[in-house]
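Trainee: Below you'll find the structure I mean.
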Amino acid sequence: MLTELQIKAAQAIVNVFETGRARGEYGQVTLLAGDSGHLTYGRSQTTLASGNLYLLVKAYCAQAGAGYADELEGYLERLADCDPGLDHNMRFRRLLQDAGGDPVMQAVQDGFFDRVYWAPATQAAGALGIDLALGVGVVYDSFIHGSWRRMRDRTLELHGGVAGLGARAWVERYVALRRDWLANHANRLLHRTVYRMDSLRGLIAEGRWDLALPFSVRGVVIDEWGLSGGPGPRADSGEEPRLLRLRAPYLEGDDVRALQAALKAAGFKIEADGVYGPATEAAVRTLQGRKGLSADGIVGQATRAALGLWDTA
């Protein structure tokens with residue numbers, strides 16, 4: 001099990017990748033030309049297109065004492081529809097930036113991103129047998145950046161599992177494979193992100209498997225003093241699963257069918273017909289209540305993780 005400092009150090013590496021700072025930037029709003037995620041926001045740069053920005057802002061608006069809730073509530077419907085028109089809505093963007101300074105927003109982001117990215121990443125690493133701090137950090141980076149499942153499966157196919165190779169050798173091969181994938185991806189935006197893998201390879205070459213402090217990433221020193229309150233971030237590579245919720249017309253697809261199959265395995269009497277209708281929503285709400293999640297019937301990564309579907313990205 002990782003220590004609290006190791007967790008903060010692993011998250012800080014990705015914070016540096018995302019915002020250039022070990023603690024991240026709660027109020028950072030980013031829009032890259034051609035990015036399929038559209039506008040991104042916060043400590044882990046969650047995306048408008050995925051629907052996670054809607055979930056984050058909705059959670060903030062529901063908190064007592066949220067200083068910008070009244071103004072941001074007016075955007076919830078457009079956020080729920082993943083309206084790309086918000087990309088260039090400067091009033092909305094300024095509200096997000098200002099809300100990032102609100103301690104209530106910071107607490108909401110900490111809880112949200114830990115549920116949506118860190119917890120599923122540690123589950124995924126543990127399922128493979130990776131317990132090294134840097135190894136878990138590598139998995140976390142892929143959950144933040146996207147396409148963990150695809151690159152994990154390719155590494156398993158080409159090199160075998162952790163049990164045969166050992167955790168260090170497997171992670172090294174994974175990072176090398178992912179670097180090649182990023183460098184040659186059809187989406188040219190991803191070519192600029194190979195520095196993430198180069199930085200991780202540098203830490204591997206230094207033998208920083210336990211992430212003992214201090215160490216440096218891209219010129220940023222990560223030490224105990226700097227981590228006293230650190231976070232963890234996100235940049236989308238266009239591979240994030242869609243948000244599932246009840247809407248008209250009903251959502252349909254294999255992702256809905258996989259959700260329904262997981263609900264059946266959890267004991268719910270539901271037909272796996274691939275249609276997200278009222279019966280599916282009711283089952284989701286019940287499950288969310290049992291798991292201590294917001295019982296809103298909206299299936300994002302936290303609900304997927306609660307069902308063991310964290311591996312769908």
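Here's how to read the names in the structure tokens: chain A, B, ... by the order shown, residue numbers from 1 in each chain, ligand numbers from 1 in the order shown.
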Residues within 9 Å of segment 264-276 of chain A, please, as a list in words. Count only C-alpha atoms; anything in the same chain fewer than 4 positions from it doesn't count.
Mentor: Leu244, Arg245, Leu246, Arg247, Tyr250, Leu251, Glu252, Gly253, Asp254, Asp255, Val256, Arg257, Ala258, Leu259, Gln260, Thr280, Glu281, Ala283, Leu287 and Leu307 of chain A
Trainee: Excluding segment 83-88 of chain A and residues on its chain fewer than 3 positions from it, collect all residues at most 9 Å away from it, counting only C-alpha atoms, and give them as a VMD selection string.
Mentor: chain A and resid 31 38 to 40 48 to 49 75 77 to 80 91 to 93
Trainee: From the set A:Gly100, A:Gly219, A:Gly37, A:Gly51, which residue has the shortest atom-to-atom contact distance to Ile298 of chain A, counting only C-alpha atoms?
Mentor: A:Gly51
Trainee: Have a look at A:Tyr174, A:Tyr68, A:Tyr140, A:Tyr54 and name the one nearest to Arg154 of chain A; count only C-alpha atoms.
Mentor: A:Tyr174
Trainee: I need the residue nearest Gln6 of chain A from this list: A:Ala282, A:Leu227, A:Ala133, A:Leu200. Use only C-alpha atoms for the distance.
Mentor: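 Going through A:Ala282, A:Leu227, A:Ala133, A:Leu200 one by one, the smallest distance to Gln6 of chain A is for A:Ala133.
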